[in-house]
>>> print(open('input34.pdb').read())   # PDB, C-alpha atoms and all ligand atoms
ATOM      1  CA  MET A   1      94.160  26.566  29.909  1.00  0.00           C
ATOM      2  CA  LYS A   2      93.006  28.653  32.809  1.00  0.00           C
ATOM      3  CA  LEU A   3      89.484  29.252  34.120  1.00  0.00           C
ATOM      4  CA  LEU A   4      88.841  32.399  36.114  1.00  0.00           C
ATOM      5  CA  ILE A   5      86.100  31.684  38.620  1.00  0.00           C
ATOM      6  CA  GLY A   6      84.286  33.448  41.437  1.00  0.00           C
ATOM      7  CA  ASN A   7      83.763  32.279  45.005  1.00  0.00           C
ATOM      8  CA  ARG A   8      83.023  28.572  44.869  1.00  0.00           C
ATOM      9  CA  ASN A   9      80.371  28.810  47.560  1.00  0.00           C
ATOM     10  CA  TYR A  10      78.209  31.194  45.565  1.00  0.00           C
ATOM     11  CA  SER A  11      79.286  31.447  41.923  1.00  0.00           C
ATOM     12  CA  THR A  12      76.828  29.380  39.942  1.00  0.00           C
ATOM     13  CA  TRP A  13      78.153  30.397  36.547  1.00  0.00           C
ATOM     14  CA  SER A  14      81.710  29.500  37.534  1.00  0.00           C
ATOM     15  CA  LEU A  15      80.664  26.048  38.721  1.00  0.00           C
ATOM     16  CA  ARG A  16      79.236  25.077  35.343  1.00  0.00           C
ATOM     17  CA  PRO A  17      82.308  25.154  33.044  1.00  0.00           C
ATOM     18  CA  TRP A  18      84.551  24.122  35.944  1.00  0.00           C
ATOM     19  CA  LEU A  19      82.507  20.916  36.260  1.00  0.00           C
ATOM     20  CA  VAL A  20      82.860  20.254  32.533  1.00  0.00           C
ATOM     21  CA  LEU A  21      86.632  20.716  32.690  1.00  0.00           C
ATOM     22  CA  ALA A  22      87.025  18.614  35.826  1.00  0.00           C
ATOM     23  CA  HIS A  23      84.552  15.851  34.971  1.00  0.00           C
ATOM     24  CA  PHE A  24      85.939  15.330  31.477  1.00  0.00           C
ATOM     25  CA  ASP A  25      89.469  15.307  32.836  1.00  0.00           C
ATOM     26  CA  ILE A  26      90.708  18.239  30.754  1.00  0.00           C
ATOM     27  CA  ALA A  27      93.988  19.728  31.972  1.00  0.00           C
ATOM     28  CA  PHE A  28      93.381  23.219  33.378  1.00  0.00           C
ATOM     29  CA  GLU A  29      94.141  25.494  36.273  1.00  0.00           C
ATOM     30  CA  ASP A  30      91.735  27.804  37.995  1.00  0.00           C
ATOM     31  CA  GLU A  31      91.993  31.125  39.753  1.00  0.00           C
ATOM     32  CA  VAL A  32      89.432  32.423  42.208  1.00  0.00           C
ATOM     33  CA  ILE A  33      88.533  36.098  41.958  1.00  0.00           C
ATOM     34  CA  GLN A  34      86.617  37.111  45.040  1.00  0.00           C
ATOM     35  CA  LEU A  35      83.234  38.619  44.186  1.00  0.00           C
ATOM     36  CA  SER A  36      83.121  40.884  47.218  1.00  0.00           C
ATOM     37  CA  GLY A  37      85.165  43.513  48.992  1.00  0.00           C
ATOM     38  CA  PRO A  38      86.085  47.086  48.058  1.00  0.00           C
ATOM     39  CA  GLY A  39      86.835  47.585  44.382  1.00  0.00           C
ATOM     40  CA  PHE A  40      86.231  43.988  43.365  1.00  0.00           C
ATOM     41  CA  ARG A  41      84.268  45.048  40.265  1.00  0.00           C
ATOM     42  CA  ASP A  42      87.104  47.333  39.108  1.00  0.00           C
ATOM     43  CA  TYR A  43      89.563  44.478  39.493  1.00  0.00           C
ATOM     44  CA  LEU A  44      87.241  42.043  37.739  1.00  0.00           C
ATOM     45  CA  ALA A  45      86.973  44.477  34.833  1.00  0.00           C
ATOM     46  CA  THR A  46      90.756  44.262  34.368  1.00  0.00           C
ATOM     47  CA  ARG A  47      90.565  40.457  34.111  1.00  0.00           C
ATOM     48  CA  SER A  48      87.326  39.852  32.230  1.00  0.00           C
ATOM     49  CA  PRO A  49      86.015  41.553  29.081  1.00  0.00           C
ATOM     50  CA  THR A  50      82.461  41.339  30.453  1.00  0.00           C
ATOM     51  CA  GLY A  51      83.404  42.184  34.044  1.00  0.00           C
ATOM     52  CA  LYS A  52      82.056  38.779  35.017  1.00  0.00           C
ATOM     53  CA  VAL A  53      83.288  35.272  35.655  1.00  0.00           C
ATOM     54  CA  PRO A  54      83.760  32.622  34.410  1.00  0.00           C
ATOM     55  CA  VAL A  55      86.381  33.402  31.777  1.00  0.00           C
ATOM     56  CA  LEU A  56      88.377  30.748  29.954  1.00  0.00           C
ATOM     57  CA  ILE A  57      91.891  31.688  28.841  1.00  0.00           C
ATOM     58  CA  ASP A  58      93.492  29.426  26.254  1.00  0.00           C
ATOM     59  CA  GLY A  59      96.723  30.985  24.979  1.00  0.00           C
ATOM     60  CA  ASP A  60      95.738  34.310  23.449  1.00  0.00           C
ATOM     61  CA  LEU A  61      92.050  33.370  23.361  1.00  0.00           C
ATOM     62  CA  VAL A  62      89.813  34.823  26.066  1.00  0.00           C
ATOM     63  CA  VAL A  63      86.290  33.390  26.241  1.00  0.00           C
ATOM     64  CA  PRO A  64      83.679  34.816  28.604  1.00  0.00           C
ATOM     65  CA  GLU A  65      80.085  33.543  28.889  1.00  0.00           C
ATOM     66  CA  THR A  66      79.407  30.097  30.283  1.00  0.00           C
ATOM     67  CA  ILE A  67      77.648  28.635  27.257  1.00  0.00           C
ATOM     68  CA  ALA A  68      80.406  29.838  24.915  1.00  0.00           C
ATOM     69  CA  ILE A  69      83.056  28.257  27.153  1.00  0.00           C
ATOM     70  CA  ILE A  70      81.260  24.913  27.196  1.00  0.00           C
ATOM     71  CA  GLU A  71      80.761  25.025  23.417  1.00  0.00           C
ATOM     72  CA  TYR A  72      84.444  25.867  22.925  1.00  0.00           C
ATOM     73  CA  LEU A  73      85.478  22.924  25.088  1.00  0.00           C
ATOM     74  CA  ALA A  74      83.129  20.640  23.143  1.00  0.00           C
ATOM     75  CA  ASP A  75      84.698  21.857  19.872  1.00  0.00           C
ATOM     76  CA  LYS A  76      88.245  21.563  21.151  1.00  0.00           C
ATOM     77  CA  PHE A  77      87.784  18.120  22.705  1.00  0.00           C
ATOM     78  CA  PRO A  78      85.399  16.283  20.348  1.00  0.00           C
ATOM     79  CA  ASP A  79      86.290  12.915  21.905  1.00  0.00           C
ATOM     80  CA  LYS A  80      85.078  13.954  25.330  1.00  0.00           C
ATOM     81  CA  ALA A  81      81.308  13.643  24.715  1.00  0.00           C
ATOM     82  CA  ILE A  82      80.594  16.975  26.414  1.00  0.00           C
ATOM     83  CA  TRP A  83      77.320  17.002  24.478  1.00  0.00           C
ATOM     84  CA  PRO A  84      75.295  13.819  23.806  1.00  0.00           C
ATOM     85  CA  ALA A  85      76.305  11.849  20.714  1.00  0.00           C
ATOM     86  CA  ASP A  86      72.827  11.688  19.182  1.00  0.00           C
ATOM     87  CA  ILE A  87      71.853  14.789  17.176  1.00  0.00           C
ATOM     88  CA  LYS A  88      68.343  14.982  18.664  1.00  0.00           C
ATOM     89  CA  ASP A  89      69.660  14.541  22.203  1.00  0.00           C
ATOM     90  CA  ARG A  90      72.225  17.227  21.453  1.00  0.00           C
ATOM     91  CA  ALA A  91      69.517  19.639  20.331  1.00  0.00           C
ATOM     92  CA  MET A  92      67.525  18.937  23.506  1.00  0.00           C
ATOM     93  CA  ALA A  93      70.625  19.311  25.680  1.00  0.00           C
ATOM     94  CA  ARG A  94      71.364  22.674  24.113  1.00  0.00           C
ATOM     95  CA  ALA A  95      67.752  23.794  24.413  1.00  0.00           C
ATOM     96  CA  ALA A  96      67.675  22.881  28.120  1.00  0.00           C
ATOM     97  CA  SER A  97      71.021  24.644  28.627  1.00  0.00           C
ATOM     98  CA  ALA A  98      69.795  27.769  26.829  1.00  0.00           C
ATOM     99  CA  GLU A  99      66.644  27.760  28.948  1.00  0.00           C
ATOM    100  CA  MET A 100      68.741  27.503  32.098  1.00  0.00           C
ATOM    101  CA  HIS A 101      70.861  30.386  30.874  1.00  0.00           C
ATOM    102  CA  SER A 102      67.913  32.659  30.144  1.00  0.00           C
ATOM    103  CA  SER A 103      65.259  31.692  32.691  1.00  0.00           C
ATOM    104  CA  PHE A 104      64.539  30.662  36.281  1.00  0.00           C
ATOM    105  CA  THR A 105      65.103  34.158  37.641  1.00  0.00           C
ATOM    106  CA  GLY A 106      62.686  33.466  40.520  1.00  0.00           C
ATOM    107  CA  LEU A 107      64.813  30.581  41.756  1.00  0.00           C
ATOM    108  CA  ARG A 108      67.962  32.613  41.197  1.00  0.00           C
ATOM    109  CA  ASN A 109      66.712  35.585  43.180  1.00  0.00           C
ATOM    110  CA  HIS A 110      64.818  33.822  45.952  1.00  0.00           C
ATOM    111  CA  ALA A 111      66.988  30.718  46.393  1.00  0.00           C
ATOM    112  CA  PRO A 112      70.610  31.716  45.650  1.00  0.00           C
ATOM    113  CA  MET A 113      73.303  29.060  45.543  1.00  0.00           C
ATOM    114  CA  ASN A 114      74.961  28.863  48.956  1.00  0.00           C
ATOM    115  CA  LEU A 115      76.754  25.555  49.263  1.00  0.00           C
ATOM    116  CA  ARG A 116      77.716  25.839  52.909  1.00  0.00           C
ATOM    117  CA  ALA A 117      74.168  26.640  54.023  1.00  0.00           C
ATOM    118  CA  SER A 118      71.042  24.665  54.846  1.00  0.00           C
ATOM    119  CA  TYR A 119      67.785  26.621  54.950  1.00  0.00           C
ATOM    120  CA  PRO A 120      64.883  24.188  54.644  1.00  0.00           C
ATOM    121  CA  GLY A 121      61.516  25.874  54.370  1.00  0.00           C
ATOM    122  CA  ARG A 122      62.931  29.401  54.045  1.00  0.00           C
ATOM    123  CA  VAL A 123      61.889  30.093  50.451  1.00  0.00           C
ATOM    124  CA  ASN A 124      58.368  31.395  49.928  1.00  0.00           C
ATOM    125  CA  LEU A 125      57.017  28.768  47.546  1.00  0.00           C
ATOM    126  CA  ASP A 126      54.689  31.266  45.858  1.00  0.00           C
ATOM    127  CA  ASP A 127      57.821  32.956  44.487  1.00  0.00           C
ATOM    128  CA  VAL A 128      59.148  29.803  42.824  1.00  0.00           C
ATOM    129  CA  ALA A 129      56.188  27.436  42.311  1.00  0.00           C
ATOM    130  CA  LYS A 130      55.771  28.112  38.584  1.00  0.00           C
ATOM    131  CA  GLU A 131      59.483  27.645  37.918  1.00  0.00           C
ATOM    132  CA  LEU A 132      59.657  24.505  40.053  1.00  0.00           C
ATOM    133  CA  HIS A 133      56.838  23.099  37.959  1.00  0.00           C
ATOM    134  CA  ARG A 134      58.817  23.830  34.799  1.00  0.00           C
ATOM    135  CA  VAL A 135      61.959  22.269  36.316  1.00  0.00           C
ATOM    136  CA  GLU A 136      59.932  19.168  37.159  1.00  0.00           C
ATOM    137  CA  THR A 137      58.542  18.945  33.618  1.00  0.00           C
ATOM    138  CA  LEU A 138      61.839  19.655  31.865  1.00  0.00           C
ATOM    139  CA  LEU A 139      64.260  17.619  33.968  1.00  0.00           C
ATOM    140  CA  GLY A 140      61.708  14.929  34.857  1.00  0.00           C
ATOM    141  CA  GLY A 141      60.924  14.479  31.168  1.00  0.00           C
ATOM    142  CA  LEU A 142      64.580  14.200  30.175  1.00  0.00           C
ATOM    143  CA  LEU A 143      65.344  11.784  33.027  1.00  0.00           C
ATOM    144  CA  ALA A 144      62.350   9.599  32.117  1.00  0.00           C
ATOM    145  CA  ARG A 145      63.508   9.575  28.511  1.00  0.00           C
ATOM    146  CA  SER A 146      67.163   8.732  29.305  1.00  0.00           C
ATOM    147  CA  GLY A 147      66.610   6.510  32.339  1.00  0.00           C
ATOM    148  CA  GLY A 148      69.125   8.666  34.261  1.00  0.00           C
ATOM    149  CA  PRO A 149      71.120   9.048  36.337  1.00  0.00           C
ATOM    150  CA  PHE A 150      71.865  12.238  34.347  1.00  0.00           C
ATOM    151  CA  LEU A 151      69.675  14.086  31.859  1.00  0.00           C
ATOM    152  CA  PHE A 152      71.020  12.184  28.860  1.00  0.00           C
ATOM    153  CA  GLY A 153      72.250   9.097  30.718  1.00  0.00           C
ATOM    154  CA  ALA A 154      75.920   9.954  31.214  1.00  0.00           C
ATOM    155  CA  PHE A 155      76.920  13.385  32.538  1.00  0.00           C
ATOM    156  CA  THR A 156      76.981  16.099  29.838  1.00  0.00           C
ATOM    157  CA  GLY A 157      77.236  19.865  29.572  1.00  0.00           C
ATOM    158  CA  ALA A 158      73.474  20.051  30.203  1.00  0.00           C
ATOM    159  CA  ASP A 159      73.968  18.557  33.672  1.00  0.00           C
ATOM    160  CA  ALA A 160      76.738  21.061  34.328  1.00  0.00           C
ATOM    161  CA  MET A 161      74.249  23.813  33.461  1.00  0.00           C
ATOM    162  CA  PHE A 162      71.700  22.446  35.953  1.00  0.00           C
ATOM    163  CA  ALA A 163      74.112  21.525  38.777  1.00  0.00           C
ATOM    164  CA  PRO A 164      73.706  24.874  40.608  1.00  0.00           C
ATOM    165  CA  LEU A 165      69.936  24.494  40.457  1.00  0.00           C
ATOM    166  CA  ALA A 166      70.298  21.027  42.006  1.00  0.00           C
ATOM    167  CA  THR A 167      72.154  22.607  44.942  1.00  0.00           C
ATOM    168  CA  ARG A 168      69.339  25.114  45.435  1.00  0.00           C
ATOM    169  CA  LEU A 169      66.816  22.287  45.634  1.00  0.00           C
ATOM    170  CA  ARG A 170      68.905  20.732  48.408  1.00  0.00           C
ATOM    171  CA  THR A 171      69.911  23.879  50.326  1.00  0.00           C
ATOM    172  CA  TYR A 172      66.321  25.124  50.615  1.00  0.00           C
ATOM    173  CA  ASP A 173      64.714  21.655  50.630  1.00  0.00           C
ATOM    174  CA  LEU A 174      62.371  22.711  47.848  1.00  0.00           C
ATOM    175  CA  PRO A 175      59.508  20.297  47.226  1.00  0.00           C
ATOM    176  CA  VAL A 176      60.276  18.140  44.188  1.00  0.00           C
ATOM    177  CA  SER A 177      59.511  14.610  43.003  1.00  0.00           C
ATOM    178  CA  ASP A 178      61.585  11.569  43.935  1.00  0.00           C
ATOM    179  CA  VAL A 179      62.947  11.604  40.391  1.00  0.00           C
ATOM    180  CA  LEU A 180      64.391  15.082  40.896  1.00  0.00           C
ATOM    181  CA  THR A 181      65.639  14.212  44.377  1.00  0.00           C
ATOM    182  CA  GLY A 182      67.513  11.312  42.760  1.00  0.00           C
ATOM    183  CA  TYR A 183      68.951  13.736  40.213  1.00  0.00           C
ATOM    184  CA  VAL A 184      70.182  16.044  42.981  1.00  0.00           C
ATOM    185  CA  GLU A 185      71.857  13.045  44.604  1.00  0.00           C
ATOM    186  CA  ALA A 186      73.520  12.107  41.306  1.00  0.00           C
ATOM    187  CA  ILE A 187      74.950  15.636  40.978  1.00  0.00           C
ATOM    188  CA  TYR A 188      76.250  15.602  44.566  1.00  0.00           C
ATOM    189  CA  ALA A 189      77.766  12.126  44.051  1.00  0.00           C
ATOM    190  CA  LEU A 190      79.754  13.250  41.016  1.00  0.00           C
ATOM    191  CA  PRO A 191      83.464  13.242  42.006  1.00  0.00           C
ATOM    192  CA  ALA A 192      84.088  16.560  40.210  1.00  0.00           C
ATOM    193  CA  PHE A 193      81.224  18.182  42.128  1.00  0.00           C
ATOM    194  CA  GLN A 194      82.578  16.791  45.400  1.00  0.00           C
ATOM    195  CA  ARG A 195      85.955  18.377  44.634  1.00  0.00           C
ATOM    196  CA  TRP A 196      84.328  21.768  44.033  1.00  0.00           C
ATOM    197  CA  LEU A 197      82.214  21.434  47.190  1.00  0.00           C
ATOM    198  CA  ALA A 198      85.211  20.543  49.374  1.00  0.00           C
ATOM    199  CA  GLU A 199      87.017  23.699  48.224  1.00  0.00           C
ATOM    200  CA  ALA A 200      83.846  25.804  48.598  1.00  0.00           C
ATOM    201  CA  LEU A 201      83.453  24.749  52.215  1.00  0.00           C
ATOM    202  CA  LYS A 202      86.933  26.092  53.007  1.00  0.00           C
ATOM    203  CA  GLU A 203      86.059  29.610  51.839  1.00  0.00           C
ATOM    204  CA  PRO A 204      85.547  32.192  54.598  1.00  0.00           C
ATOM    205  CA  TRP A 205      83.993  34.929  52.443  1.00  0.00           C
ATOM    206  CA  ILE A 206      80.396  36.070  52.682  1.00  0.00           C
ATOM    207  CA  ILE A 207      78.472  37.738  49.862  1.00  0.00           C
ATOM    208  CA  ASP A 208      75.473  39.539  51.342  1.00  0.00           C
ATOM    209  CA  ASP A 209      73.548  39.559  48.055  1.00  0.00           C
ATOM    210  CA  ASP A 210      73.514  35.754  48.050  1.00  0.00           C
ATOM    211  CA  GLU A 211      72.534  35.265  51.689  1.00  0.00           C
ATOM    212  CA  ILE A 212      68.853  34.565  52.253  1.00  0.00           C
ATOM    213  CA  ASP A 213      68.818  36.304  55.641  1.00  0.00           C
ATOM    214  CA  VAL A 214      69.944  39.509  53.939  1.00  0.00           C
ATOM    215  CA  ILE A 215      67.679  39.035  50.910  1.00  0.00           C
ATOM    216  CA  GLN A 216      64.670  38.510  53.176  1.00  0.00           C
ATOM    217  CA  GLY A 217      65.617  41.521  55.321  1.00  0.00           C
ATOM    218  CA  LYS A 218      66.174  39.477  58.480  1.00  0.00           C
ATOM    219  CA  VAL A 219      69.785  40.548  58.864  1.00  0.00           C
ATOM    220  CA  ALA A 220      71.440  43.864  57.982  1.00  0.00           C
ATOM    221  CA  ARG A 221      74.116  43.978  55.304  1.00  0.00           C
ATOM    222  CA  GLY A 222      77.650  43.606  56.571  1.00  0.00           C
ATOM    223  CA  THR A 223      76.656  41.914  59.822  1.00  0.00           C
ATOM    224  CA  LEU A 224      76.969  38.239  58.863  1.00  0.00           C
ATOM    225  CA  ALA A 225      80.132  36.527  60.051  1.00  0.00           C
TER     226      ALA A 225
HETATM  227  N1  LIG B   1      76.090  35.518  31.325  1.00  0.00           N
HETATM  228  C1  LIG B   1      77.243  35.235  32.155  1.00  0.00           C
HETATM  229  C2  LIG B   1      76.881  35.489  33.605  1.00  0.00           C
HETATM  230  C3  LIG B   1      78.110  35.490  34.484  1.00  0.00           C
HETATM  231  C4  LIG B   1      77.837  36.073  35.858  1.00  0.00           C
HETATM  232  O1  LIG B   1      76.802  36.731  36.101  1.00  0.00           O
HETATM  233  N2  LIG B   1      78.793  35.863  36.758  1.00  0.00           N
HETATM  234  C5  LIG B   1      78.711  36.441  38.088  1.00  0.00           C
HETATM  235  C6  LIG B   1      79.216  35.441  39.127  1.00  0.00           C
HETATM  236  S1  LIG B   1      78.234  33.983  39.214  1.00  0.00           S
HETATM  237  C7  LIG B   1      79.652  37.627  38.151  1.00  0.00           C
HETATM  238  O2  LIG B   1      80.716  37.609  37.588  1.00  0.00           O
HETATM  239  N3  LIG B   1      79.266  38.677  38.874  1.00  0.00           N
HETATM  240  C8  LIG B   1      80.105  39.816  39.010  1.00  0.00           C
HETATM  241  C9  LIG B   1      79.385  40.965  39.607  1.00  0.00           C
HETATM  242  O3  LIG B   1      78.463  40.725  40.386  1.00  0.00           O
HETATM  243  O4  LIG B   1      79.763  42.097  39.338  1.00  0.00           O
HETATM  244  C10 LIG B   1      77.693  33.791  31.911  1.00  0.00           C
HETATM  245  O5  LIG B   1      76.907  33.023  31.370  1.00  0.00           O
HETATM  246  O6  LIG B   1      78.836  33.432  32.220  1.00  0.00           O
END
>>> encode(input="input34.pdb", output="structure tokens")
Amino acid sequence: MKLLIGNRNYSTWSLRPWLVLAHFDIAFEDEVIQLSGPGFRDYLATRSPTGKVPVLIDGDLVVPETIAIIEYLADKFPDKAIWPADIKDRAMARAASAEMHSSFTGLRNHAPMNLRASYPGRVNLDDVAKELHRVETLLGGLLARSGGPFLFGAFTGADAMFAPLATRLRTYDLPVSDVLTGYVEAIYALPAFQRWLAEALKEPWIIDDDEIDVIQGKVARGTLA
């Protein structure tokens, strides 16, 4: 199996299924497709039916869309506990994952994943306060219910879905409860996440659209080095 991914420093959607594959010790290779530079979208369109990453390739099967990839892996490897064993937990894990997939656009736009960076205090909290409150309620509720360290006790696909959000909380030092701070630490302590992070920190590429200085108009496009 092969997973096509974007830049590790910035590509939130790529991180999610990669974490599932790596954490659950599923044999796979990955290939980074740089999400910047002249003509990158044309090239991406030749490799991905949606023109986006991630894409899982398993023989003649090509699966785009993060949620579909995670569901396929859960189907293909039923012994791996990618979703929680209990049917109610599974429903809640899928609901949280679907919410992550469809929501939190404020956090996405105003606090983009940027693993190499540290920008405490740079996000205008008015832009993200409502979503942070929802994150607190959703994740805090699941962690209280499970006892942690992950949303359903052990790491599942739901944690993979929220891992990029955990990095945003850290990168921008967003104000959250101790419970959520502990959750961020649990994500960072995960060996699979550490592997991704180590590779991300080696990447030289910059994507202006994901840099807060560019987003906030403090630096002109194309001038970051
Ligand atoms: N709905 C897709 C979203 C995938 C997505 O937006 N991927 C970004 C990278 S994180 C991408 O490929 N962007 C390409 C572009 O900007 O043209 C999924 O769940 O996988």
>>> residues_around(input="input34.pdb", residues="A:Ile5", least_positions_apart="2", cutoff="8 Å", atoms="all atoms listed in the file", output="list in words")
Leu3, Asn7, Arg8, Ser11, Ser14, Leu15, Asp30, Glu31, Val32, Ile33, Val53, Pro54 and Val55 of chain A
>>> axis_aligned_box(input="input34.pdb", around="stretch 95-106 of chain A", padding_each_side="8 Å", output="JSON")
{"center_x": 66.9, "center_y": 28.5, "center_z": 32.5, "size_x": 24.3, "size_y": 27.3, "size_z": 32.1}
>>> resolve_selection(input="input34.pdb", expression="the PyMOL selection byres (((chain A and resi 138-140) around 8) and not hetatm)", output="PyMOL selection string")
chain A and resi 96+134-137+141-144+151+179-180
>>> closest_residue(input="input34.pdb", among="A:Ser102, A:Thr12, A:Thr171, A:Ser118", to="ligand LIG 1 (chain B)", atoms="only C-alpha atoms and all ligand atoms")
A:Thr12
>>> atom_distance(input="input34.pdb", atom1="atom CA of A:Leu125", atom2="atom CA of A:Asn109")
12.6 Å
>>> atom_distance(input="input34.pdb", atom1="atom C4 of ligand LIG 1 (chain B)", atom2="atom CA of A:Asp79")
28.3 Å
>>> residues_near_ligand(input="input34.pdb", ligand="ligand LIG 1 (chain B)", cutoff="10 Å", atoms="only C-alpha atoms and all ligand atoms", output="JSON, numbers by chain")
{"A": [4, 5, 6, 7, 8, 10, 11, 12, 13, 14, 15, 16, 17, 33, 34, 35, 36, 40, 41, 42, 44, 45, 48, 50, 51, 52, 53, 54, 55, 63, 64, 65, 66, 67, 68, 69, 98, 100, 101, 102, 113, 161, 207, 209]}
>>> atom_distance(input="input34.pdb", atom1="atom CA of A:Ala220", atom2="atom CA of A:Arg108")
20.5 Å
>>> closest_residue(input="input34.pdb", among="A:Gly37, A:Phe24, A:Gly217, A:Trp205", to="A:Phe193", atoms="all atoms listed in the file")
A:Phe24
>>> closest_residue(input="input34.pdb", among="A:Met1, A:Ile212, A:Leu19, A:Ala117", to="A:Leu61", atoms="all atoms listed in the file")
A:Met1
>>> resolve_selection(input="input34.pdb", expression="the PyMOL selection byres (((chain A and resi 184) around 9) and not hetatm)", output="PyMOL selection string")
chain A and resi 163+165-167+169-170+179-183+185-189
>>> closest_residue(input="input34.pdb", among="A:Ala154, A:Phe28, A:Pro38, A:Phe162", to="A:Arg94", atoms="all atoms listed in the file")
A:Phe162
